[in-house]
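Shown below: protein.cif, with mmCIF, C-alpha atoms.
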```cif
data_coords
#
loop_
_atom_site.label_atom_id
_atom_site.label_comp_id
_atom_site.auth_asym_id
_atom_site.auth_seq_id
_atom_site.Cartn_x
_atom_site.Cartn_y
_atom_site.Cartn_z
CA MET G 9 80.44 62.06 102.58
CA GLY G 10 82.85 59.21 103.20
CA VAL G 11 86.07 58.61 101.28
CA SER G 12 87.89 55.28 101.34
CA SER G 13 91.67 55.37 101.17
CA PRO G 14 93.13 53.23 98.37
CA TYR G 15 96.13 52.42 100.54
CA PRO G 16 95.95 49.36 102.74
CA ALA G 17 97.27 49.60 106.26
CA SER G 18 100.85 48.34 106.58
CA GLY G 19 101.17 44.75 107.66
CA GLY G 20 97.96 43.76 106.00
CA GLY G 21 94.55 43.89 107.53
CA ASP G 22 91.93 46.53 106.86
CA GLY G 23 92.75 49.72 104.95
CA VAL G 24 92.49 53.15 106.50
CA ARG G 25 89.12 54.79 106.01
CA VAL G 26 88.86 58.55 106.09
CA GLU G 27 85.47 60.05 106.78
CA TRP G 28 85.13 63.49 105.27
CA HIS G 29 82.20 65.50 106.60
CA ASP G 30 81.65 68.55 104.45
CA GLY G 31 79.27 70.07 106.93
CA ALA G 32 81.68 69.74 109.84
CA ILE G 33 84.56 71.16 107.81
CA ALA G 34 82.43 74.07 106.66
CA THR G 35 81.39 74.79 110.24
CA LEU G 36 85.00 74.60 111.36
CA LEU G 37 86.24 77.02 108.72
CA THR G 38 83.40 79.41 108.07
CA ALA G 39 81.10 79.61 111.07
CA PRO G 40 81.70 82.91 112.88
CA ASP G 41 81.11 81.10 116.16
CA GLY G 42 83.24 78.08 115.20
CA PRO G 43 86.81 77.51 116.40
CA VAL G 44 88.42 79.47 113.53
CA GLY G 45 85.93 82.28 113.96
CA ASP G 46 86.59 82.28 117.68
CA TRP G 47 90.34 82.54 117.12
CA LEU G 48 89.80 85.35 114.62
CA ARG G 49 87.52 87.19 117.02
CA LYS G 50 90.11 87.07 119.79
CA ALA G 51 92.80 88.29 117.39
CA GLY G 52 90.48 91.09 116.28
CA GLU G 53 89.80 92.07 119.86
CA ARG G 54 93.54 92.35 120.52
CA VAL G 55 93.96 94.65 117.53
CA GLU G 56 90.89 96.62 118.61
CA ALA G 57 92.29 97.10 122.12
CA ARG G 58 95.62 98.30 120.75
CA MET G 59 93.84 100.62 118.33
CA VAL G 60 91.82 102.13 121.16
CA ASP G 61 95.05 102.63 123.14
CA LEU G 62 96.71 104.42 120.24
CA ALA G 63 93.78 106.52 119.03
CA PRO G 64 94.11 110.23 119.81
CA ARG G 65 91.62 111.42 122.40
CA ASP G 66 90.63 114.99 121.74
CA THR G 67 87.02 114.19 122.49
CA GLY G 68 87.29 110.42 122.87
CA GLN G 69 84.66 109.93 120.18
CA LEU G 70 87.04 108.28 117.73
CA ALA G 71 88.44 105.83 120.29
CA ASP G 72 84.95 105.07 121.58
CA SER G 73 83.77 104.19 118.09
CA ILE G 74 86.36 101.47 117.48
CA THR G 75 84.85 98.01 117.27
CA SER G 76 85.65 94.59 115.90
CA GLU G 77 83.50 91.84 114.48
CA VAL G 78 83.89 88.58 112.58
CA VAL G 79 81.81 88.21 109.45
CA LEU G 80 81.49 85.70 106.65
CA ASP G 81 82.23 87.48 103.38
CA GLY G 82 82.53 85.69 100.06
CA GLY G 83 82.77 82.31 101.74
CA ALA G 84 85.64 83.32 104.03
CA LEU G 85 85.73 84.57 107.59
CA GLU G 86 86.94 88.11 107.97
CA ALA G 87 87.72 90.23 111.01
CA ARG G 88 86.63 93.84 110.57
CA ILE G 89 88.22 96.23 112.99
CA GLY G 90 88.08 99.99 113.13
CA PRO G 91 85.98 103.04 113.84
CA ALA G 92 82.26 102.64 113.26
CA ALA G 93 80.39 105.37 111.42
CA ASP G 94 79.50 107.13 114.63
CA ARG G 95 79.86 106.44 118.30
CA ASN G 96 76.41 104.92 118.58
CA GLU G 97 76.73 102.65 115.57
CA ARG G 98 77.77 99.10 116.19
CA PRO G 99 78.34 96.08 113.99
CA GLY G 100 75.07 94.67 112.71
CA ASP G 101 73.24 98.00 112.80
CA PRO G 102 71.27 98.73 109.61
CA PRO G 103 73.00 100.93 107.02
CA ARG G 104 72.59 104.67 107.44
CA SER G 105 72.19 107.33 104.81
CA GLU G 106 74.24 110.01 106.61
CA PRO G 107 77.96 110.44 105.94
CA ARG G 108 80.13 108.03 107.85
CA VAL G 109 81.80 110.80 109.80
CA ASN G 110 84.13 108.75 111.95
CA GLU G 111 85.47 106.78 109.01
CA ASP G 112 86.55 109.99 107.30
CA VAL G 113 87.97 111.38 110.52
CA ALA G 114 89.86 108.15 111.11
CA ARG G 115 91.31 108.17 107.60
CA TRP G 116 92.75 111.66 107.95
CA VAL G 117 93.91 111.13 111.51
CA GLU G 118 95.72 108.03 110.28
CA LEU G 119 97.25 109.51 107.13
CA GLY G 120 97.50 113.19 108.01
CA THR G 121 96.69 116.13 105.75
CA SER G 122 98.61 119.15 104.56
CA ARG G 123 97.52 121.02 107.66
CA ARG G 124 97.28 118.31 110.28
CA ARG G 125 100.00 115.99 111.42
CA ALA G 126 99.09 112.32 111.10
CA LYS G 127 98.56 110.33 114.28
CA PRO G 128 98.63 106.73 113.04
CA PHE G 129 96.67 104.35 115.23
CA MET G 130 95.29 101.71 112.87
CA ARG G 131 98.36 100.48 111.00
CA PRO G 132 100.58 100.35 114.12
CA ALA G 133 97.87 98.38 115.94
CA LEU G 134 97.69 95.87 113.11
CA GLY G 135 101.47 95.75 112.86
CA ALA G 136 101.78 95.01 116.58
CA ALA G 137 99.32 92.14 116.21
CA GLU G 138 101.27 90.69 113.27
CA GLU G 139 104.44 90.65 115.36
CA ARG G 140 102.86 88.50 118.06
CA MET R 74 125.73 84.76 136.82
CA ALA R 75 122.61 86.70 135.99
CA THR R 76 122.07 87.94 132.47
CA VAL R 77 121.11 91.57 132.11
CA GLN R 78 118.95 92.47 129.14
CA LEU R 79 120.03 95.85 127.89
CA PRO R 80 117.44 98.09 126.24
CA THR R 81 117.55 98.26 122.47
CA ILE R 82 119.48 101.22 121.21
CA VAL R 83 117.70 102.86 118.33
CA VAL R 84 119.85 104.92 116.05
CA PRO R 85 118.38 107.94 114.30
CA TRP R 86 118.32 106.51 110.79
CA LEU R 87 115.47 108.52 109.28
CA THR R 88 117.47 111.64 108.54
CA PRO R 89 120.23 109.63 106.81
CA LEU R 90 117.53 107.84 104.82
CA ARG R 91 116.03 111.15 103.73
CA ASP R 92 119.50 112.41 102.80
CA TRP R 93 120.12 109.27 100.77
CA LEU R 94 116.83 109.67 98.90
CA ARG R 95 117.77 113.28 98.15
CA VAL R 96 120.70 112.15 96.04
CA GLN R 97 119.14 109.22 94.22
CA PRO R 98 119.09 110.11 90.51
CA ALA R 99 115.63 108.64 89.86
CA VAL R 100 114.13 110.62 92.74
CA VAL R 101 116.09 113.79 92.01
CA ALA R 102 114.83 113.68 88.42
CA LEU R 103 111.28 114.02 89.71
CA VAL R 104 111.51 116.20 92.82
CA GLY R 105 115.00 117.66 92.93
CA THR R 106 115.96 117.72 96.59
CA ARG R 107 112.38 118.17 97.80
CA THR R 108 112.36 115.03 99.93
CA TYR R 109 111.23 115.99 103.40
CA LEU R 110 111.09 114.36 106.78
CA GLY R 111 107.82 114.27 108.71
CA ALA R 112 105.58 116.67 106.85
CA LEU R 113 105.24 118.72 103.71
CA PRO R 114 106.54 122.23 104.41
CA LEU R 115 103.97 125.00 104.06
CA ASN R 116 103.64 126.27 100.49
CA SER R 117 106.11 123.71 99.25
CA THR R 118 106.83 123.46 95.55
CA LEU R 119 105.38 120.29 94.04
CA PRO R 120 106.05 117.53 93.34
CA ALA R 121 107.60 116.59 96.64
CA LEU R 122 108.26 113.45 98.66
CA VAL R 123 107.71 113.06 102.40
CA VAL R 124 109.06 110.21 104.51
CA TRP R 125 108.44 109.46 108.18
CA ARG R 126 108.10 106.67 110.68
CA ALA R 127 104.43 105.89 111.25
CA GLY R 128 104.95 103.03 113.68
CA GLY R 129 106.69 99.76 114.27
CA GLY R 130 108.68 98.18 117.01
CA HIS R 131 111.66 96.07 117.87
CA ASP R 132 111.44 92.36 117.33
CA GLY R 133 114.81 91.49 118.81
CA ALA R 134 116.21 90.40 115.46
CA THR R 135 116.56 93.89 114.05
CA MET R 136 117.78 97.24 115.33
CA ASP R 137 114.47 98.69 114.26
CA SER R 138 111.45 97.19 112.57
CA ALA R 139 109.64 100.26 111.35
CA MET R 140 106.50 101.11 109.51
CA LEU R 141 107.62 103.79 107.09
CA GLN R 142 105.13 106.15 105.50
CA LEU R 143 105.96 107.66 102.13
CA GLU R 144 103.87 110.49 100.73
CA ALA R 145 104.11 111.53 97.10
CA TRP R 146 102.61 115.01 96.63
CA ALA R 147 102.10 116.39 93.14
CA ALA R 148 99.97 118.58 90.94
CA SER R 149 98.23 115.59 89.38
CA GLY R 150 97.37 112.04 90.33
CA ALA R 151 99.47 110.62 87.52
CA GLN R 152 102.49 112.62 88.64
CA ALA R 153 101.98 111.54 92.25
CA GLU R 154 101.67 107.91 91.21
CA ALA R 155 104.84 108.06 89.10
CA LEU R 156 106.73 109.62 91.98
CA MET R 157 105.49 107.05 94.47
CA THR R 158 106.28 104.15 92.17
CA THR R 159 109.79 105.49 91.67
CA ALA R 160 110.41 106.09 95.37
CA VAL R 161 109.21 102.61 96.30
CA ALA R 162 111.40 101.04 93.61
CA VAL R 163 114.43 103.00 94.76
CA LEU R 164 113.90 101.98 98.38
CA GLY R 165 113.22 98.40 97.37
CA SER R 166 116.51 98.19 95.52
CA ALA R 167 118.55 99.50 98.45
CA PRO R 168 118.31 96.82 101.18
CA GLY R 169 121.52 95.20 102.15
CA LEU R 170 123.56 97.78 100.36
CA LEU R 171 122.77 100.95 102.17
CA ASP R 172 124.68 101.99 105.27
CA LEU R 173 122.52 104.61 106.91
CA THR R 174 124.86 105.39 109.79
CA PRO R 175 128.20 103.96 110.89
CA THR R 176 126.28 101.29 112.79
CA ALA R 177 123.01 100.84 110.96
CA ARG R 178 122.06 99.72 107.50
CA LEU R 179 118.80 99.22 105.68
CA GLY R 180 118.13 95.50 105.82
CA GLY R 181 114.87 95.36 103.94
CA ALA R 182 112.06 97.56 102.63
CA ARG R 183 108.84 95.84 101.60
CA LEU R 184 105.81 97.61 100.24
CA ASN R 185 102.87 96.92 102.53
CA ALA R 186 100.18 99.12 101.01
CA MET R 187 99.82 101.97 98.58
CA MET R 188 96.72 104.13 98.42
CA TRP R 189 95.34 107.18 96.72
CA ALA R 190 94.77 109.77 99.44
CA PRO R 191 94.35 113.28 98.06
CA ASP R 192 94.65 115.98 100.67
CA PRO R 193 91.16 116.85 101.97
CA ASP R 194 92.23 120.38 102.95
CA THR R 195 93.63 121.49 99.59
CA ASP R 196 92.55 118.70 97.22
CA THR R 197 96.20 118.26 96.25
CA ALA R 198 97.06 114.92 94.66
CA ARG R 199 98.78 112.51 97.01
CA TYR R 200 99.68 108.85 97.12
CA VAL R 201 100.51 107.31 100.47
CA ALA R 202 102.50 104.10 100.85
CA THR R 203 103.37 102.07 103.89
CA LEU R 204 106.58 100.07 103.83
CA ASP R 205 107.87 97.59 106.36
CA VAL R 206 111.51 98.49 106.94
CA ASP R 207 114.16 96.53 108.78
CA VAL R 208 117.18 98.39 110.07
CA LEU R 209 120.07 96.11 110.94
CA ALA R 210 123.38 96.55 112.68
CA SER R 211 125.98 97.40 110.10
CA SER R 212 128.75 94.86 109.64
CA ALA R 213 131.12 97.79 109.26
CA GLY R 214 130.00 99.43 112.49
CA ALA R 215 132.30 99.58 115.46
CA GLY R 216 129.37 99.32 117.83
CA GLY R 217 130.18 102.53 119.60
CA TYR R 218 127.24 104.51 118.39
CA ALA R 219 124.74 105.11 121.15
CA GLY R 220 122.60 107.94 119.88
CA ALA R 221 119.01 107.81 121.03
CA TYR R 222 116.22 108.22 118.55
CA ALA R 223 115.23 111.85 118.81
CA GLY R 224 111.83 111.38 117.24
CA GLY R 225 111.86 114.95 116.00
CA TYR R 226 111.33 116.07 112.47
CA ALA R 227 113.06 118.65 110.40
CA ALA R 228 112.49 119.58 106.83
#
```

Can you present the structure in this file as structure tokens?
Amino acid sequence: MGVSSPYPASGGGDGVRVEWHDGAIATLLTAPDGPVGDWLRKAGERVEARMVDLAPRDTGQLADSITSEVVLDGGALEARIGPAADRNERPGDPPRSEPRVNEDVARWVELGTSRRRAKPFMRPALGAAEER
Amino acid sequence: MATVQLPTIVVPWLTPLRDWLRVQPAVVALVGTRTYLGALPLNSTLPALVVWRAGGGHDGATMDSAMLQLEAWAASGAQAEALMTTAVAVLGSAPGLLDLTPTARLGGARLNAMMWAPDPDTDTARYVATLDVDVLASSAGAGGYAGAYAGGYAA
């Protein structure tokens, strides 16, 4: 779609014409492999790396399960970072019916319980990324 | 002449913050002096408030830029929510006014997130909130305080 500017160029002559390409703008803003998606992916990978660094390593399973991906959700790009349901599950895998063990483990490691001291690794990782 | 960058000195401000919360009328009305640092003591009477530093760093502009975790423990979800809402409001009203130590004051406390997180071990009601807290050098401070952050917790 093309849009003509109503304002003539200063000094006379032809006016400025602005070409608006919906498809190109959509690709720019919402394609996971477009420039915005690429920037978001790199930011997500930095948070992921920090999260892996901070995650407690009793068995290593929790740290090993941390992944990041960029998805289009509700018309907007979104970086999803955190522990996958289990160490073998990766973004894009089909949904599983079993409990998402690592997600529960991660929640209580992050927040602590009455009997276990919290070891935050997700919020500090995100906070460190926000400070950059 | 070369410039030497000295390491940031972090003052232990968490204990003074806990002590300050312990005398705030709105908090005292709900939990008495049961505001703890680090973790809920075993067999603690409820409701109770827990405060601790979950993360953060130093951005150069502040003495400490901390991620503060508040935990409101109670016998019911409604009680926990009321306690958390009160504690967040009390902390939110303090910035700029509160000298935590002779050299440090609370410069800002912004609610980042608040979530319902009942204890999975005992099923006790709990709200957890994360606040972004700035600790600034106090204008009244003489600058002589050089205590290192101990990082330890005591009820």

Residues of chain R within 9 Å of chain G, all atoms listed in the file counted, as a PyMOL selection string: chain R and resi 111-115+127-130+132+140+142+190-195+197+201+203

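Among the candidates G:Asp81, G:Ile89, G:Leu37, G:Leu62, the residue lying nearest to Lys50 of chain G is G:Ile89 (atoms considered: all atoms listed in the file).
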
Atom CA of Ser73 of chain G to atom CA of Glu86 of chain G, distance in Å rounded to a single decimal: 19.3 Å

Residues in the PyMOL selection byres ((chain R and resi 181) around 6), expressed as a PyMOL selection string: chain R and resi 168+179-180+182+206-207

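For the choices R:Leu204, R:Thr118, R:Asp92, R:Met187, the atom-to-atom distance to Leu164 of chain R is smallest for R:Leu204 when using all atoms listed in the file.
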
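We find atom CA of Tyr109 of chain R and atom CA of Val123 of chain R to be spaced 4.7 Å apart.
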
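Our summary of the geometry notes that atom CA of Gly52 of chain G is positioned 29.1 Å from atom CA of Val124 of chain R.
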
Polymer residues at most 10 Å from (113.1, 105.2, 94.0) by all atoms listed in the file, as a list in words: Leu94, Gln97, Pro98, Ala99, Val100, Val101, Leu103, Leu156, Met157, Thr158, Thr159, Ala160, Val161, Ala162, Val163, Leu164, Gly165, Ser166 and Ala167 of chain R

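Comparing the minimum interatomic distances between Glu138 of chain G and each of G:Arg54, G:Arg88, G:Arg25, G:Arg65, counting all atoms listed in the file, we find that G:Arg54 sits nearest.
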
Selection result for the PyMOL selection byres ((chain G and resi 70) around 12) on this file, as number ranges by chain: G: 59-69, 71-75, 90-97, 109-118, 129-130

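Every residue that the PyMOL selection byres ((chain R and resi 89) around 12) selects in this file is listed here: Val84, Pro85, Trp86, Leu87, Thr88, Leu90, Arg91, Asp92, Trp93, Leu94, Arg95, Val96, Thr108, Tyr109, Leu110, Val124, Trp125, Leu171, Asp172, Leu173, Thr174, Pro175, Thr176, Ala177, Arg178 and Leu179 of chain R.
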
Nearest to Val78 of chain G by atom-to-atom distance, counting all atoms listed in the file, from G:Gly23, G:Asp30, G:Arg49, G:Gly42: G:Arg49

As an mmCIF file, keeping the file's coordinate frame, the rebuilt segment 51-62 of chain G with all heavy atoms:
```cif
data_model
loop_
_atom_site.group_PDB
_atom_site.id
_atom_site.type_symbol
_atom_site.label_atom_id
_atom_site.label_comp_id
_atom_site.auth_asym_id
_atom_site.auth_seq_id
_atom_site.Cartn_x
_atom_site.Cartn_y
_atom_site.Cartn_z
ATOM 1 N N ALA G 51 91.730 87.508 118.020
ATOM 2 C CA ALA G 51 92.800 88.290 117.390
ATOM 3 C C ALA G 51 92.303 89.700 117.080
ATOM 4 O O ALA G 51 93.013 90.687 117.297
ATOM 5 C CB ALA G 51 93.268 87.597 116.106
ATOM 6 N N GLY G 52 91.072 89.784 116.583
ATOM 7 C CA GLY G 52 90.480 91.090 116.280
ATOM 8 C C GLY G 52 90.334 91.948 117.519
ATOM 9 O O GLY G 52 90.567 93.157 117.483
ATOM 10 N N GLU G 53 89.978 91.313 118.619
ATOM 11 C CA GLU G 53 89.800 92.070 119.860
ATOM 12 C C GLU G 53 91.139 92.609 120.370
ATOM 13 O O GLU G 53 91.197 93.687 120.958
ATOM 14 C CB GLU G 53 89.134 91.185 120.911
ATOM 15 C CG GLU G 53 87.644 90.976 120.629
ATOM 16 C CD GLU G 53 87.002 89.895 121.496
ATOM 17 O OE1 GLU G 53 87.724 89.238 122.270
ATOM 18 O OE2 GLU G 53 85.783 89.709 121.375
ATOM 19 N N ARG G 54 92.220 91.852 120.116
ATOM 20 C CA ARG G 54 93.540 92.350 120.520
ATOM 21 C C ARG G 54 93.930 93.574 119.683
ATOM 22 O O ARG G 54 94.452 94.548 120.209
ATOM 23 C CB ARG G 54 94.598 91.252 120.360
ATOM 24 C CG ARG G 54 94.557 90.189 121.437
ATOM 25 C CD ARG G 54 95.858 89.413 121.491
ATOM 26 N NE ARG G 54 96.147 88.710 120.263
ATOM 27 C CZ ARG G 54 95.720 87.472 119.983
ATOM 28 N NH1 ARG G 54 94.965 86.836 120.860
ATOM 29 N NH2 ARG G 54 96.034 86.899 118.851
ATOM 30 N N VAL G 55 93.652 93.501 118.392
ATOM 31 C CA VAL G 55 93.960 94.650 117.530
ATOM 32 C C VAL G 55 93.092 95.840 117.934
ATOM 33 O O VAL G 55 93.562 96.972 118.016
ATOM 34 C CB VAL G 55 93.722 94.296 116.037
ATOM 35 C CG1 VAL G 55 93.942 95.513 115.161
ATOM 36 C CG2 VAL G 55 94.651 93.166 115.609
ATOM 37 N N GLU G 56 91.820 95.559 118.209
ATOM 38 C CA GLU G 56 90.890 96.620 118.610
ATOM 39 C C GLU G 56 91.393 97.325 119.874
ATOM 40 O O GLU G 56 91.406 98.555 119.956
ATOM 41 C CB GLU G 56 89.501 96.031 118.857
ATOM 42 C CG GLU G 56 88.487 97.038 119.371
ATOM 43 C CD GLU G 56 87.204 96.377 119.864
ATOM 44 O OE1 GLU G 56 86.970 95.187 119.528
ATOM 45 O OE2 GLU G 56 86.441 97.044 120.577
ATOM 46 N N ALA G 57 91.817 96.520 120.847
ATOM 47 C CA ALA G 57 92.290 97.100 122.120
ATOM 48 C C ALA G 57 93.514 97.982 121.895
ATOM 49 O O ALA G 57 93.639 99.077 122.470
ATOM 50 C CB ALA G 57 92.607 95.981 123.108
ATOM 51 N N ARG G 58 94.414 97.516 121.037
ATOM 52 C CA ARG G 58 95.620 98.300 120.750
ATOM 53 C C ARG G 58 95.258 99.579 120.003
ATOM 54 O O ARG G 58 95.826 100.640 120.250
ATOM 55 C CB ARG G 58 96.582 97.442 119.911
ATOM 56 C CG ARG G 58 97.912 98.077 119.665
ATOM 57 C CD ARG G 58 98.743 98.119 120.927
ATOM 58 N NE ARG G 58 100.029 98.732 120.684
ATOM 59 C CZ ARG G 58 100.588 99.636 121.480
ATOM 60 N NH1 ARG G 58 99.968 100.027 122.578
ATOM 61 N NH2 ARG G 58 101.766 100.138 121.204
ATOM 62 N N MET G 59 94.288 99.458 119.100
ATOM 63 C CA MET G 59 93.840 100.620 118.330
ATOM 64 C C MET G 59 93.230 101.680 119.260
ATOM 65 O O MET G 59 93.488 102.873 119.109
ATOM 66 C CB MET G 59 92.799 100.147 117.305
ATOM 67 C CG MET G 59 92.877 100.836 115.971
ATOM 68 S SD MET G 59 91.650 100.175 114.816
ATOM 69 C CE MET G 59 92.603 98.913 114.003
ATOM 70 N N VAL G 60 92.443 101.210 120.201
ATOM 71 C CA VAL G 60 91.820 102.130 121.160
ATOM 72 C C VAL G 60 92.916 102.821 121.990
ATOM 73 O O VAL G 60 92.863 104.023 122.244
ATOM 74 C CB VAL G 60 90.842 101.377 122.083
ATOM 75 C CG1 VAL G 60 90.399 102.249 123.248
ATOM 76 C CG2 VAL G 60 89.634 100.901 121.284
ATOM 77 N N ASP G 61 93.938 102.052 122.371
ATOM 78 C CA ASP G 61 95.050 102.630 123.140
ATOM 79 C C ASP G 61 95.755 103.733 122.357
ATOM 80 O O ASP G 61 96.169 104.749 122.920
ATOM 81 C CB ASP G 61 96.093 101.550 123.474
ATOM 82 C CG ASP G 61 95.628 100.667 124.616
ATOM 83 O OD1 ASP G 61 94.660 101.047 125.303
ATOM 84 O OD2 ASP G 61 96.219 99.594 124.797
ATOM 85 N N LEU G 62 95.921 103.511 121.065
ATOM 86 C CA LEU G 62 96.710 104.420 120.240
ATOM 87 C C LEU G 62 95.914 105.597 119.688
ATOM 88 O O LEU G 62 96.493 106.596 119.281
ATOM 89 C CB LEU G 62 97.344 103.663 119.068
ATOM 90 C CG LEU G 62 98.395 102.609 119.416
ATOM 91 C CD1 LEU G 62 98.795 101.823 118.162
ATOM 92 C CD2 LEU G 62 99.620 103.264 120.028
#
```
